[in-house]
file start16.txt (compact mmCIF, C-alpha atoms and all ligand atoms)
# COMPACT_ATOMS: atom_id res chain seq x y z
CA MET N 1 -81.93 -43.47 12.90
CA GLY N 2 -78.57 -42.29 14.16
CA ILE N 3 -77.15 -38.79 13.86
CA LYS N 4 -73.89 -37.88 12.23
CA VAL N 5 -72.71 -34.30 11.92
CA VAL N 6 -70.45 -33.80 8.94
CA LYS N 7 -68.14 -30.84 8.50
CA PHE N 8 -66.45 -30.24 5.15
CA GLY N 9 -63.33 -28.11 4.84
CA GLY N 10 -62.64 -25.57 2.11
CA SER N 11 -60.78 -27.89 -0.25
CA SER N 12 -63.73 -30.32 -0.10
CA LEU N 13 -65.98 -27.56 -1.45
CA ALA N 14 -63.63 -25.69 -3.74
CA ASP N 15 -65.63 -26.27 -6.94
CA ALA N 16 -68.70 -28.04 -8.32
CA ASN N 17 -66.84 -31.29 -8.74
CA GLN N 18 -65.93 -31.29 -5.06
CA PHE N 19 -69.55 -30.41 -4.16
CA LYS N 20 -70.62 -33.55 -6.03
CA LYS N 21 -68.23 -35.72 -4.03
CA VAL N 22 -69.55 -34.14 -0.84
CA ALA N 23 -73.16 -34.79 -1.82
CA ASP N 24 -72.31 -38.43 -2.64
CA ILE N 25 -70.73 -38.86 0.78
CA ILE N 26 -73.72 -37.33 2.53
CA LYS N 27 -76.25 -39.33 0.55
CA ALA N 28 -74.37 -42.58 1.14
CA ASP N 29 -75.39 -42.60 4.81
CA ALA N 30 -78.85 -41.51 5.95
CA ASP N 31 -77.43 -40.69 9.39
CA ARG N 32 -75.46 -37.76 7.91
CA ARG N 33 -78.17 -35.27 8.75
CA TYR N 34 -76.42 -32.05 9.71
CA VAL N 35 -73.82 -30.55 7.45
CA VAL N 36 -71.37 -27.75 8.29
CA PRO N 37 -69.49 -26.35 5.28
CA SER N 38 -66.45 -24.07 5.09
CA ALA N 39 -66.01 -21.49 2.34
CA PRO N 40 -64.54 -22.60 -1.01
CA GLY N 41 -60.83 -23.28 -0.59
CA LYS N 42 -58.08 -23.56 -3.17
CA ARG N 43 -58.69 -25.57 -6.35
CA PHE N 44 -54.98 -25.64 -7.12
CA LYS N 45 -51.82 -24.47 -5.39
CA GLU N 46 -51.79 -20.83 -6.55
CA ASP N 47 -55.54 -20.40 -6.24
CA ASP N 48 -57.21 -18.06 -3.72
CA LYS N 49 -59.28 -19.15 -0.78
CA VAL N 50 -62.58 -17.30 -0.83
CA THR N 51 -62.13 -16.29 2.83
CA ASP N 52 -58.85 -14.59 1.91
CA LEU N 53 -60.56 -12.78 -0.96
CA LEU N 54 -63.30 -11.60 1.39
CA TYR N 55 -60.77 -10.18 3.84
CA LYS N 56 -59.02 -8.53 0.91
CA SER N 57 -62.24 -7.02 -0.40
CA PHE N 58 -62.98 -5.62 3.04
CA GLU N 59 -59.53 -4.03 3.17
CA ASN N 60 -59.91 -2.62 -0.32
CA ALA N 61 -63.43 -1.24 0.05
CA GLY N 62 -63.55 2.14 -1.67
CA LYS N 63 -60.28 1.52 -3.55
CA PRO N 64 -60.00 0.72 -7.26
CA GLU N 65 -58.77 -2.85 -6.45
CA PHE N 66 -62.11 -3.70 -4.84
CA GLU N 67 -63.91 -4.45 -8.11
CA ASP N 68 -61.34 -6.98 -9.17
CA VAL N 69 -61.30 -8.81 -5.84
CA PHE N 70 -65.04 -8.89 -5.45
CA GLY N 71 -65.38 -10.00 -9.06
CA LYS N 72 -63.28 -13.07 -8.27
CA ILE N 73 -65.60 -13.96 -5.39
CA ARG N 74 -68.68 -13.54 -7.57
CA GLU N 75 -67.08 -15.70 -10.24
CA ARG N 76 -66.25 -18.54 -7.79
CA TYR N 77 -69.83 -18.83 -6.61
CA SER N 78 -71.50 -18.41 -9.97
CA SER N 79 -69.34 -21.10 -11.52
CA ILE N 80 -70.19 -23.53 -8.71
CA VAL N 81 -73.92 -22.85 -9.13
CA LYS N 82 -73.70 -23.11 -12.90
CA ASP N 83 -71.64 -26.30 -12.93
CA LEU N 84 -73.93 -27.95 -10.41
CA GLY N 85 -76.86 -27.08 -12.66
CA ILE N 86 -79.06 -25.86 -9.82
CA GLU N 87 -81.71 -23.16 -9.93
CA LEU N 88 -80.29 -20.68 -7.48
CA ASP N 89 -79.95 -16.98 -8.07
CA LEU N 90 -77.27 -15.58 -5.80
CA ASP N 91 -77.07 -12.22 -7.60
CA ALA N 92 -79.22 -10.35 -5.10
CA GLU N 93 -77.31 -11.87 -2.17
CA LEU N 94 -73.97 -10.97 -3.75
CA ARG N 95 -75.12 -7.40 -4.44
CA ASP N 96 -76.23 -7.01 -0.81
CA ILE N 97 -72.93 -8.37 0.45
CA GLU N 98 -71.01 -6.05 -1.86
CA THR N 99 -72.97 -3.05 -0.62
CA CYS N 100 -72.46 -4.02 3.00
CA ILE N 101 -68.72 -4.44 2.50
CA LEU N 102 -68.49 -1.12 0.66
CA ASN N 103 -70.33 0.49 3.56
CA LYS N 104 -67.72 -0.99 5.85
CA ALA N 105 -69.90 -3.58 7.51
CA GLY N 106 -67.58 -5.43 9.89
CA ARG N 107 -64.50 -7.36 8.82
CA ASP N 108 -65.98 -10.48 10.41
CA PHE N 109 -69.20 -9.97 8.50
CA ALA N 110 -67.25 -9.86 5.24
CA ALA N 111 -65.27 -13.02 6.06
CA SER N 112 -68.35 -14.95 7.18
CA ARG N 113 -70.08 -14.61 3.83
CA GLY N 114 -67.85 -17.32 2.37
CA GLU N 115 -69.44 -19.97 4.54
CA TYR N 116 -72.87 -18.35 4.32
CA LEU N 117 -73.01 -18.54 0.52
CA ASN N 118 -71.48 -22.01 0.38
CA ALA N 119 -74.10 -23.27 2.82
CA LYS N 120 -76.85 -21.71 0.70
CA ILE N 121 -75.60 -23.57 -2.36
CA LEU N 122 -75.11 -26.84 -0.54
CA SER N 123 -78.54 -26.75 1.10
CA LYS N 124 -80.15 -26.17 -2.28
CA TYR N 125 -78.11 -28.93 -3.91
CA LEU N 126 -78.89 -31.45 -1.16
CA GLY N 127 -82.48 -30.34 -0.58
CA TYR N 128 -81.68 -29.78 3.12
CA GLU N 129 -82.91 -26.85 5.18
CA PHE N 130 -80.57 -23.85 5.57
CA ILE N 131 -80.05 -22.63 9.14
CA ASP N 132 -78.16 -19.35 9.43
CA ALA N 133 -75.39 -19.72 12.05
CA ALA N 134 -76.19 -16.15 13.19
CA GLU N 135 -79.47 -17.46 14.60
CA VAL N 136 -78.00 -20.37 16.54
CA VAL N 137 -74.36 -19.63 17.47
CA PHE N 138 -73.85 -16.89 20.05
CA PHE N 139 -70.87 -15.00 21.38
CA ASN N 140 -70.54 -13.02 24.60
CA ASP N 141 -69.62 -9.34 24.64
CA ASP N 142 -66.00 -10.27 25.32
CA GLY N 143 -65.88 -12.34 22.13
CA THR N 144 -65.93 -15.77 23.77
CA LEU N 145 -68.48 -18.32 22.72
CA ASP N 146 -71.69 -18.37 24.77
CA ALA N 147 -71.57 -22.15 24.79
CA GLU N 148 -74.65 -22.82 26.88
CA LYS N 149 -77.00 -20.43 25.08
CA THR N 150 -75.71 -21.73 21.75
CA ASN N 151 -76.24 -25.31 22.82
CA SER N 152 -79.77 -24.84 24.06
CA VAL N 153 -80.99 -22.71 21.11
CA LEU N 154 -79.31 -24.95 18.56
CA ALA N 155 -80.48 -28.19 20.18
CA GLU N 156 -84.05 -26.90 20.17
CA ARG N 157 -83.80 -25.84 16.53
CA LEU N 158 -82.30 -29.15 15.40
CA SER N 159 -84.90 -31.17 17.26
CA ASP N 160 -87.43 -29.71 14.79
CA THR N 161 -85.23 -30.17 11.75
CA GLU N 162 -84.47 -33.52 10.26
CA ARG N 163 -81.73 -32.43 7.90
CA ALA N 164 -79.95 -29.11 7.64
CA VAL N 165 -76.91 -27.23 6.41
CA ILE N 166 -75.45 -24.75 8.92
CA PRO N 167 -72.57 -22.55 7.74
CA GLY N 168 -69.36 -22.83 9.76
CA PHE N 169 -67.00 -20.16 11.09
CA TYR N 170 -69.41 -17.53 12.51
CA GLY N 171 -72.21 -16.65 14.85
CA SER N 172 -73.65 -13.44 16.27
CA MET N 173 -72.78 -11.00 19.03
CA PRO N 174 -75.30 -9.79 21.62
CA ASN N 175 -75.80 -6.64 19.46
CA HIS N 176 -76.61 -8.92 16.47
CA THR N 177 -73.47 -8.14 14.50
CA ILE N 178 -71.58 -11.05 12.97
CA LYS N 179 -68.51 -12.47 14.67
CA THR N 180 -66.22 -15.21 13.36
CA PHE N 181 -64.04 -17.70 15.18
CA SER N 182 -60.32 -17.60 14.46
CA ARG N 183 -59.13 -18.91 11.09
CA GLY N 184 -60.07 -22.53 10.49
CA GLY N 185 -62.98 -22.03 12.88
CA SER N 186 -65.51 -24.12 10.96
CA ASP N 187 -64.05 -27.07 12.86
CA ILE N 188 -65.40 -25.46 16.03
CA SER N 189 -68.80 -24.84 14.43
CA GLY N 190 -68.99 -28.50 13.45
CA ALA N 191 -68.20 -29.60 16.98
CA ILE N 192 -70.82 -27.22 18.39
CA VAL N 193 -73.45 -28.64 16.05
CA ALA N 194 -72.42 -32.20 16.94
CA ARG N 195 -72.85 -31.49 20.62
CA ALA N 196 -76.23 -29.78 20.18
CA ALA N 197 -77.49 -32.56 17.91
CA GLY N 198 -76.36 -35.21 20.39
CA ALA N 199 -74.54 -36.80 17.47
CA ASP N 200 -73.20 -40.35 17.55
CA VAL N 201 -70.14 -39.13 15.71
CA TYR N 202 -68.68 -35.89 14.38
CA GLU N 203 -67.13 -36.48 10.96
CA ASN N 204 -64.59 -33.91 9.90
CA TRP N 205 -63.99 -34.26 6.15
CA THR N 206 -60.83 -32.79 4.72
CA ASP N 207 -58.22 -33.57 2.06
CA VAL N 208 -56.06 -36.02 4.04
CA SER N 209 -56.90 -39.49 5.30
CA GLY N 210 -56.55 -38.65 8.97
CA PHE N 211 -53.58 -37.80 11.15
CA LEU N 212 -50.17 -39.26 10.57
CA ILE N 213 -47.93 -40.80 13.21
CA CYS N 214 -45.40 -38.05 12.61
CA ASP N 215 -44.63 -35.11 10.39
CA PRO N 216 -44.39 -36.23 6.72
CA ARG N 217 -41.74 -33.57 6.14
CA ILE N 218 -39.49 -35.57 8.44
CA VAL N 219 -40.46 -39.18 7.73
CA GLU N 220 -41.49 -40.04 4.20
CA ASN N 221 -45.01 -41.44 4.02
CA PRO N 222 -45.61 -42.06 7.70
CA ALA N 223 -48.37 -44.46 8.67
CA PRO N 224 -51.75 -42.99 9.63
CA ILE N 225 -53.10 -42.99 13.18
CA GLU N 226 -56.29 -45.05 13.17
CA LEU N 227 -57.36 -44.51 16.74
CA ILE N 228 -56.33 -41.84 19.20
CA THR N 229 -57.72 -40.59 22.51
CA TYR N 230 -58.46 -36.94 23.22
CA ARG N 231 -55.63 -36.89 25.77
CA GLU N 232 -53.10 -38.25 23.30
CA LEU N 233 -54.28 -35.72 20.78
CA ARG N 234 -53.72 -32.93 23.25
CA GLU N 235 -50.18 -34.16 23.95
CA LEU N 236 -49.36 -34.31 20.27
CA SER N 237 -50.90 -30.99 19.35
CA TYR N 238 -49.23 -29.30 22.29
CA MET N 239 -45.93 -30.64 21.03
CA GLY N 240 -46.45 -29.11 17.64
CA ALA N 241 -48.34 -31.69 15.59
CA THR N 242 -50.78 -30.00 13.26
CA VAL N 243 -53.94 -31.73 14.30
CA LEU N 244 -57.27 -30.24 15.29
CA HIS N 245 -57.29 -27.03 17.25
CA GLU N 246 -57.92 -27.48 20.97
CA ASP N 247 -61.06 -25.29 20.94
CA SER N 248 -62.50 -27.26 18.11
CA ILE N 249 -62.58 -30.50 20.01
CA PHE N 250 -63.80 -29.08 23.29
CA PRO N 251 -67.58 -29.19 22.59
CA VAL N 252 -67.49 -32.81 21.44
CA LYS N 253 -65.00 -33.86 24.08
CA VAL N 254 -67.26 -32.68 26.90
CA ALA N 255 -70.13 -34.55 25.31
CA GLY N 256 -68.02 -37.70 24.77
CA ILE N 257 -68.73 -37.72 21.02
CA PRO N 258 -66.07 -39.40 18.86
CA ILE N 259 -64.55 -37.49 15.96
CA GLU N 260 -63.58 -39.05 12.66
CA ILE N 261 -61.16 -37.34 10.33
CA LYS N 262 -61.94 -38.46 6.79
CA ASN N 263 -60.78 -37.69 3.26
CA THR N 264 -63.37 -36.33 0.81
CA ASN N 265 -61.15 -37.43 -2.07
CA ALA N 266 -60.72 -40.98 -0.71
CA PRO N 267 -63.85 -41.63 1.36
CA GLU N 268 -63.13 -45.34 1.64
CA ASP N 269 -59.89 -44.71 3.56
CA LYS N 270 -60.22 -45.41 7.25
CA GLY N 271 -59.10 -42.01 8.52
CA THR N 272 -58.50 -41.30 12.18
CA ARG N 273 -61.01 -41.87 14.96
CA ILE N 274 -60.66 -39.76 18.10
CA VAL N 275 -62.32 -41.15 21.21
CA ALA N 276 -62.56 -40.36 24.91
CA SER N 277 -61.05 -43.67 25.93
CA CYS N 278 -60.44 -46.99 24.28
CA ARG N 279 -59.70 -49.60 26.91
CA ASP N 280 -61.12 -52.41 24.81
CA THR N 281 -58.93 -51.77 21.84
CA ASN N 282 -55.71 -51.55 23.83
CA LYS N 283 -55.09 -55.26 23.43
CA ASP N 284 -53.84 -54.66 19.95
CA MET N 285 -50.17 -53.94 20.57
CA THR N 286 -49.02 -53.70 16.96
CA ASN N 287 -47.97 -50.11 17.46
CA VAL N 288 -47.23 -49.34 21.07
CA ILE N 289 -46.93 -45.68 20.27
CA THR N 290 -49.65 -43.50 18.79
CA GLY N 291 -47.65 -40.57 17.56
CA ILE N 292 -44.40 -38.65 17.67
CA ALA N 293 -44.21 -34.87 17.68
CA GLY N 294 -41.66 -32.31 18.64
CA LYS N 295 -40.73 -28.69 19.03
CA LYS N 296 -37.52 -26.78 18.62
CA GLY N 297 -36.33 -23.75 20.53
CA PHE N 298 -35.78 -24.63 24.17
CA SER N 299 -33.11 -23.84 26.73
CA VAL N 300 -32.29 -25.92 29.76
CA VAL N 301 -31.16 -24.16 32.91
CA THR N 302 -29.50 -26.65 35.26
CA LEU N 303 -29.06 -25.85 38.94
CA GLU N 304 -26.72 -27.96 41.07
CA LYS N 305 -26.44 -27.85 44.81
CA ASP N 306 -25.04 -30.35 47.23
CA MET N 307 -27.74 -31.89 49.43
CA MET N 308 -30.49 -30.22 47.37
CA ASN N 309 -32.67 -33.24 48.07
CA GLU N 310 -32.83 -32.34 51.76
CA GLU N 311 -33.53 -28.66 51.37
CA VAL N 312 -37.16 -27.88 52.04
CA GLY N 313 -38.48 -25.14 49.75
CA PHE N 314 -35.71 -25.25 47.13
CA GLY N 315 -38.21 -25.70 44.29
CA LYS N 316 -40.38 -22.92 45.63
CA LYS N 317 -37.49 -20.45 45.52
CA VAL N 318 -36.73 -21.41 41.93
CA LEU N 319 -40.33 -21.08 40.83
CA GLU N 320 -40.64 -17.70 42.52
CA VAL N 321 -37.76 -16.41 40.41
CA LEU N 322 -39.41 -17.79 37.26
CA SER N 323 -42.68 -16.14 38.11
CA LYS N 324 -40.91 -12.81 38.72
CA TYR N 325 -39.78 -13.02 35.08
CA GLY N 326 -43.19 -14.20 33.87
CA LEU N 327 -41.66 -17.47 32.65
CA CYS N 328 -43.55 -20.78 32.49
CA PHE N 329 -41.48 -23.90 32.56
CA GLU N 330 -42.10 -26.61 30.03
CA HIS N 331 -40.59 -29.44 32.08
CA LEU N 332 -38.71 -29.80 35.33
CA PRO N 333 -36.47 -32.86 35.07
CA SER N 334 -34.68 -33.32 38.37
CA GLY N 335 -32.03 -35.50 39.99
CA ILE N 336 -30.85 -35.85 43.61
CA ASP N 337 -28.78 -32.69 43.63
CA THR N 338 -29.80 -31.16 40.31
CA MET N 339 -32.84 -29.48 38.95
CA GLY N 340 -33.40 -28.70 35.28
CA LEU N 341 -35.71 -26.01 33.97
CA VAL N 342 -36.78 -26.42 30.38
CA LEU N 343 -37.72 -22.96 29.14
CA ASP N 344 -38.70 -21.30 25.89
CA GLU N 345 -35.41 -20.10 24.37
CA LYS N 346 -36.92 -16.93 22.89
CA LYS N 347 -38.22 -15.76 26.25
CA LEU N 348 -34.70 -15.82 27.70
CA LEU N 349 -33.25 -13.46 25.14
CA GLY N 350 -31.74 -10.51 26.91
CA ILE N 351 -32.57 -11.72 30.42
CA GLU N 352 -30.26 -14.72 30.76
CA ASP N 353 -27.67 -13.02 32.97
CA ASP N 354 -30.21 -11.39 35.26
CA LEU N 355 -32.14 -14.63 35.59
CA ILE N 356 -29.05 -16.59 36.55
CA ALA N 357 -27.99 -13.93 39.04
CA ASP N 358 -31.43 -14.01 40.65
CA LEU N 359 -31.47 -17.80 40.75
CA PHE N 360 -28.07 -17.79 42.46
CA ALA N 361 -29.26 -15.21 44.97
CA ALA N 362 -32.45 -17.10 45.74
CA THR N 363 -31.07 -20.63 45.95
CA ALA N 364 -27.32 -20.36 46.74
CA SER N 365 -26.75 -23.10 44.17
CA ASP N 366 -23.20 -24.39 43.62
CA SER N 367 -23.51 -23.96 39.88
CA ILE N 368 -26.09 -22.84 37.34
CA ASN N 369 -25.69 -23.14 33.62
CA ILE N 370 -27.77 -22.68 30.51
CA GLU N 371 -27.73 -24.83 27.40
CA ASN N 372 -29.48 -23.50 24.33
CA ASN N 373 -30.54 -25.16 21.07
CA ILE N 374 -32.49 -27.95 22.70
CA SER N 375 -35.42 -29.61 20.94
CA LEU N 376 -38.04 -31.73 22.61
CA VAL N 377 -39.45 -34.88 21.08
CA ALA N 378 -42.60 -36.39 22.57
CA VAL N 379 -43.36 -40.05 22.08
CA VAL N 380 -47.05 -40.42 22.86
CA GLY N 381 -49.04 -43.60 23.33
CA ARG N 382 -51.74 -44.83 25.68
CA LYS N 383 -50.47 -48.39 25.27
CA MET N 384 -47.06 -47.59 26.78
CA ARG N 385 -48.60 -48.11 30.22
CA ASN N 386 -48.99 -51.82 29.53
CA ALA N 387 -45.89 -52.40 27.48
CA GLN N 388 -42.60 -53.04 29.22
CA GLY N 389 -39.42 -51.78 27.70
CA THR N 390 -40.85 -48.91 25.67
CA ALA N 391 -38.44 -46.38 27.14
CA ALA N 392 -35.54 -48.75 26.54
CA ARG N 393 -36.54 -49.06 22.90
CA VAL N 394 -36.73 -45.28 22.53
CA PHE N 395 -33.29 -44.79 24.07
CA ASN N 396 -31.78 -47.66 22.15
CA SER N 397 -33.03 -46.38 18.84
CA LEU N 398 -31.46 -42.99 19.58
CA ALA N 399 -28.18 -44.57 20.69
CA GLN N 400 -28.08 -46.64 17.49
CA ALA N 401 -28.51 -43.44 15.50
CA GLY N 402 -25.65 -41.84 17.43
CA ILE N 403 -27.90 -39.26 19.07
CA ASN N 404 -27.04 -37.92 22.48
CA ILE N 405 -30.04 -37.55 24.82
CA ARG N 406 -29.85 -34.30 26.75
CA LEU N 407 -32.83 -34.84 29.02
CA ILE N 408 -35.60 -37.32 29.70
CA ASP N 409 -39.01 -36.79 31.23
CA GLN N 410 -41.80 -39.30 31.52
CA GLY N 411 -45.23 -38.09 32.58
CA SER N 412 -46.61 -40.06 35.53
CA SER N 413 -49.63 -40.94 33.40
CA GLU N 414 -47.21 -42.91 31.21
CA LEU N 415 -48.86 -41.38 28.22
CA ASN N 416 -45.67 -39.87 26.92
CA ILE N 417 -41.92 -39.89 27.08
CA ILE N 418 -40.26 -36.56 26.40
CA ILE N 419 -36.69 -36.47 25.22
CA GLY N 420 -34.52 -33.43 24.81
CA VAL N 421 -31.92 -33.54 22.05
CA ASP N 422 -29.61 -31.06 20.43
CA THR N 423 -31.59 -29.25 17.74
CA LYS N 424 -29.20 -30.50 15.06
CA ASP N 425 -30.36 -34.05 15.90
CA PHE N 426 -34.10 -33.25 15.96
CA GLU N 427 -35.16 -34.76 12.63
CA GLU N 428 -32.90 -37.79 12.98
CA ALA N 429 -34.28 -38.49 16.44
CA ILE N 430 -37.85 -38.57 15.15
CA LYS N 431 -36.83 -40.83 12.25
CA ALA N 432 -35.00 -43.23 14.56
CA ILE N 433 -37.94 -43.55 16.95
CA TYR N 434 -40.41 -43.95 14.09
CA ASN N 435 -38.35 -46.74 12.53
CA GLU N 436 -38.06 -48.52 15.84
CA PHE N 437 -41.79 -48.59 16.53
CA VAL N 438 -43.61 -48.51 13.24
CA LYS N 439 -43.15 -51.42 10.96
N1 LIG N 501 -63.06 -20.25 5.87
C1 LIG N 501 -62.45 -19.99 7.12
C2 LIG N 501 -60.94 -19.95 6.96
O1 LIG N 501 -60.44 -20.05 5.87
C3 LIG N 501 -62.87 -20.94 8.19
C4 LIG N 501 -62.64 -22.39 7.90
O2 LIG N 501 -62.39 -22.78 6.77
O3 LIG N 501 -62.70 -23.18 8.84
O4 LIG N 501 -60.24 -19.79 7.93
call {"tool": "encode", "arguments": {"input": "start16.txt", "output": "structure tokens"}}
result
Amino acid sequence: MGIKVVKFGGSSLADANQFKKVADIIKADADRRYVVPSAPGKRFKEDDKVTDLLYKSFENAGKPEFEDVFGKIRERYSSIVKDLGIELDLDAELRDIETCILNKAGRDFAASRGEYLNAKILSKYLGYEFIDAAEVVFFNDDGTLDAEKTNSVLAERLSDTERAVIPGFYGSMPNHTIKTFSRGGSDISGAIVARAAGADVYENWTDVSGFLICDPRIVENPAPIELITYRELRELSYMGATVLHEDSIFPVKVAGIPIEIKNTNAPEDKGTRIVASCRDTNKDMTNVITGIAGKKGFSVVTLEKDMMNEEVGFGKKVLEVLSKYGLCFEHLPSGIDTMGLVLDEKKLLGIEDDLIADLFAATASDSINIENNISLVAVVGRKMRNAQGTAARVFNSLAQAGINIRLIDQGSSELNIIIGVDTKDFEEAIKAIYNEFVK
């Protein structure tokens, strides 16, 4: 038998009806042995997420508002239990939690109870064992995850457990108090469980059918990404695509476990598969690019100096000035006698003149100027390496759309092409590239 770890997000477990879909998905494949749930999310647009209510109840402990907020939490769970028709009495648990929150048990403790209670319900409904994350996920005193202790304790525990539900989002500190990950952290819990279980795949179930090639607010109904490598994912998420959080893929990435993003409301949809590498599948050249993402808010500082190419140490002087100002550069496009520094526009506010003066003093450049309102667009794709003419197609599509390219940078890995455009052209640039490559 194989092992699949399945994580379900809040919208997948927002009410009893969603719980039923989740149970159907789990029962449809005997390999789905370890389940990591989030807390109940929104049932409709204006609804509350239980995690938000828990934070609110913590903040309102001792105030008249508390009753109302905690009542909403109680109501969410009791209606799920009732509508599922299971024999589970959460009253005592809820009373304990209420008392702890009123006695100002930690903020993280309060927030974690959303996942804790949901996991209790789901384990009962599925007939799977419940494993409290506090017993198997450990943090260090500085708040970072104790990845190795967690992995060995959890692996040991799972080796004795055929099927289990382990709540997402939290673990315990060395002093046994509860600590949560940052918001959305159940994704990390799922990846931790997948690594410890030695899973064949980590399925992350949500309410969309995987990642899209680009932002649907820019291109209407963009095509989904079926297969993506971890490195491409990093490029896209760094450039602003809302995909999985970096931390959340780390445990599975080190273990080489593929991730599948799937839709609880459309389980038959393919979703997106994230893999370490996919040499074999590169032959399919239908879409040379994997995704397009972009970020606004950059400035480009351009230094020009005759014979710059022959001056040893020019770059070093420039970088020393940047480090004096605590600035990281995003890209460094350069020509024979020019060097461009792509910098975060916000970080230059108020220091532009001093920075330029220091750069002049350090480099004796002939001219230095700053252009603001630059946006970067990243065209990412592992297949670009084997496809001639990709850059030409990108540039052509932009020219056809009447968009002026302000800078170009291609990583030596040929995994991406970065283009700088005027921010007013940002959306149009993404549309033009999408239309060129995705049929
Ligand atoms: N329930 C937590 C949150 O809303 C964690 C999660 O859903 O991943 O952030």
call {"tool": "closest_atom_pairs", "arguments": {"input": "start16.txt", "of": "segment 248-306 of chain N", "to": "segment 148-168 of chain N", "cutoff": "12 Å", "atoms": "all atoms listed in the file", "output": "JSON lines"}}
result
{"residue": "N:Ser248", "atom": "CA", "partner": "N:Gly168", "partner_atom": "CA", "distance": 11.7}
{"residue": "N:Pro251", "atom": "CA", "partner": "N:Asn151", "partner_atom": "CA", "distance": 9.5}
{"residue": "N:Val252", "atom": "CA", "partner": "N:Asn151", "partner_atom": "CA", "distance": 11.6}
{"residue": "N:Ala255", "atom": "CA", "partner": "N:Asn151", "partner_atom": "CA", "distance": 11.4}
call {"tool": "residues_near_ligand", "arguments": {"input": "start16.txt", "ligand": "ligand LIG 501 (chain N)", "cutoff": "9 Å", "atoms": "all atoms listed in the file", "output": "PyMOL selection string"}}
result
chain N and resi 8-11+37-41+49-52+111-112+114-115+168-170+180-189
call {"tool": "residues_near_point", "arguments": {"input": "start16.txt", "point": "(-36.2, -26.6, 25.7)", "cutoff": "7 Å", "atoms": "all atoms listed in the file", "output": "PyMOL selection string"}}
result
chain N and resi 297-300+342-345+374-376
call {"tool": "residues_around", "arguments": {"input": "start16.txt", "residues": "segment 392-397 of chain N", "least_positions_apart": "3", "cutoff": "9 Å", "atoms": "all atoms listed in the file", "output": "list of chain:residue names"}}
result
N:Val379, N:Gln388, N:Gly389, N:Gln400, N:Ala401, N:Gly402, N:Ile403, N:Ile405, N:Ile417, N:Ala429, N:Ala432, N:Ile433, N:Asn435, N:Glu436, N:Phe437
call {"tool": "atom_distance", "arguments": {"input": "start16.txt", "atom1": "atom CA of Ala357 of chain N", "atom2": "atom CA of Phe329 of chain N"}}
result
18.0 Å
call {"tool": "closest_residue", "arguments": {"input": "start16.txt", "among": "N:Glu246, N:Asp47, N:Glu232, N:Glu220", "to": "Ala191 of chain N", "atoms": "only C-alpha atoms"}}
result
N:Glu246
call {"tool": "closest_residue", "arguments": {"input": "start16.txt", "among": "N:Glu59, N:Asp141, N:Asp83, N:Asp68", "to": "Lys20 of chain N", "atoms": "all atoms listed in the file"}}
result
N:Asp83
call {"tool": "atom_distance", "arguments": {"input": "start16.txt", "atom1": "atom CA of Asn369 of chain N", "atom2": "atom CA of Glu235 of chain N"}}
result
28.5 Å
call {"tool": "closest_residue", "arguments": {"input": "start16.txt", "among": "N:Lys262, N:Arg382, N:Lys21, N:Arg74", "to": "Ala92 of chain N", "atoms": "all atoms listed in the file"}}
result
N:Arg74
call {"tool": "residues_around", "arguments": {"input": "start16.txt", "residues": "Val81 of chain N", "least_positions_apart": "2", "cutoff": "10 Å", "atoms": "only C-alpha atoms", "output": "list in words"}}
result
Asp15, Ala16, Glu75, Arg76, Tyr77, Ser78, Ser79, Asp83, Leu84, Gly85, Ile86, Glu87, Leu88, Asp89, Leu90, Asn118, Ile121, Leu122, Lys124 and Tyr125 of chain N
call {"tool": "atom_distance", "arguments": {"input": "start16.txt", "atom1": "atom CA of Leu355 of chain N", "atom2": "atom CA of Gly420 of chain N"}}
result
21.8 Å
call {"tool": "axis_aligned_box", "arguments": {"input": "start16.txt", "around": "segment 136-144 of chain N", "padding_each_side": "3 Å", "output": "lines of an AutoDock Vina configuration file"}}
result
center_x = -71.9
center_y = -14.9
center_z = 20.9
size_x = 18.1
size_y = 17.0
size_z = 14.8
call {"tool": "closest_residue", "arguments": {"input": "start16.txt", "among": "N:Cys214, N:Leu303, N:Ile249, N:Ala110", "to": "Lys179 of chain N", "atoms": "only C-alpha atoms"}}
result
N:Ala110
call {"tool": "closest_residue", "arguments": {"input": "start16.txt", "among": "N:Asp366, N:Asp409, N:Glu371, N:Asp247", "to": "Thr423 of chain N", "atoms": "all atoms listed in the file"}}
result
N:Glu371
call {"tool": "closest_residue", "arguments": {"input": "start16.txt", "among": "N:Ser209, N:Thr99, N:Ser277, N:Thr302", "to": "Phe360 of chain N", "atoms": "only C-alpha atoms"}}
result
N:Thr302
call {"tool": "residues_around", "arguments": {"input": "start16.txt", "residues": "Tyr202 of chain N", "least_positions_apart": "6", "cutoff": "6 Å", "atoms": "all atoms listed in the file", "output": "list of chain:residue names"}}
result
N:Lys4, N:Val5, N:Ala194, N:Ile259
call {"tool": "write_last_selection", "arguments": {"input": "start16.txt", "atoms": "C-alpha atoms", "output": "short mmCIF file (atom, residue, chain, number, x, y, z; two decimals), keeping the file's coordinate frame"}}
result
data_model
loop_
_atom_site.label_atom_id
_atom_site.label_comp_id
_atom_site.auth_asym_id
_atom_site.auth_seq_id
_atom_site.Cartn_x
_atom_site.Cartn_y
_atom_site.Cartn_z
CA LYS N 4 -73.89 -37.88 12.23
CA VAL N 5 -72.71 -34.30 11.92
CA ALA N 194 -72.42 -32.20 16.94
CA ILE N 259 -64.55 -37.49 15.96
#
call {"tool": "residues_around", "arguments": {"input": "start16.txt", "residues": "segment 309-321 of chain N", "least_positions_apart": "6", "cutoff": "7 Å", "atoms": "only C-alpha atoms", "output": "VMD selection string"}}
result
chain N and resid 336 to 337 358 to 359 362 to 363
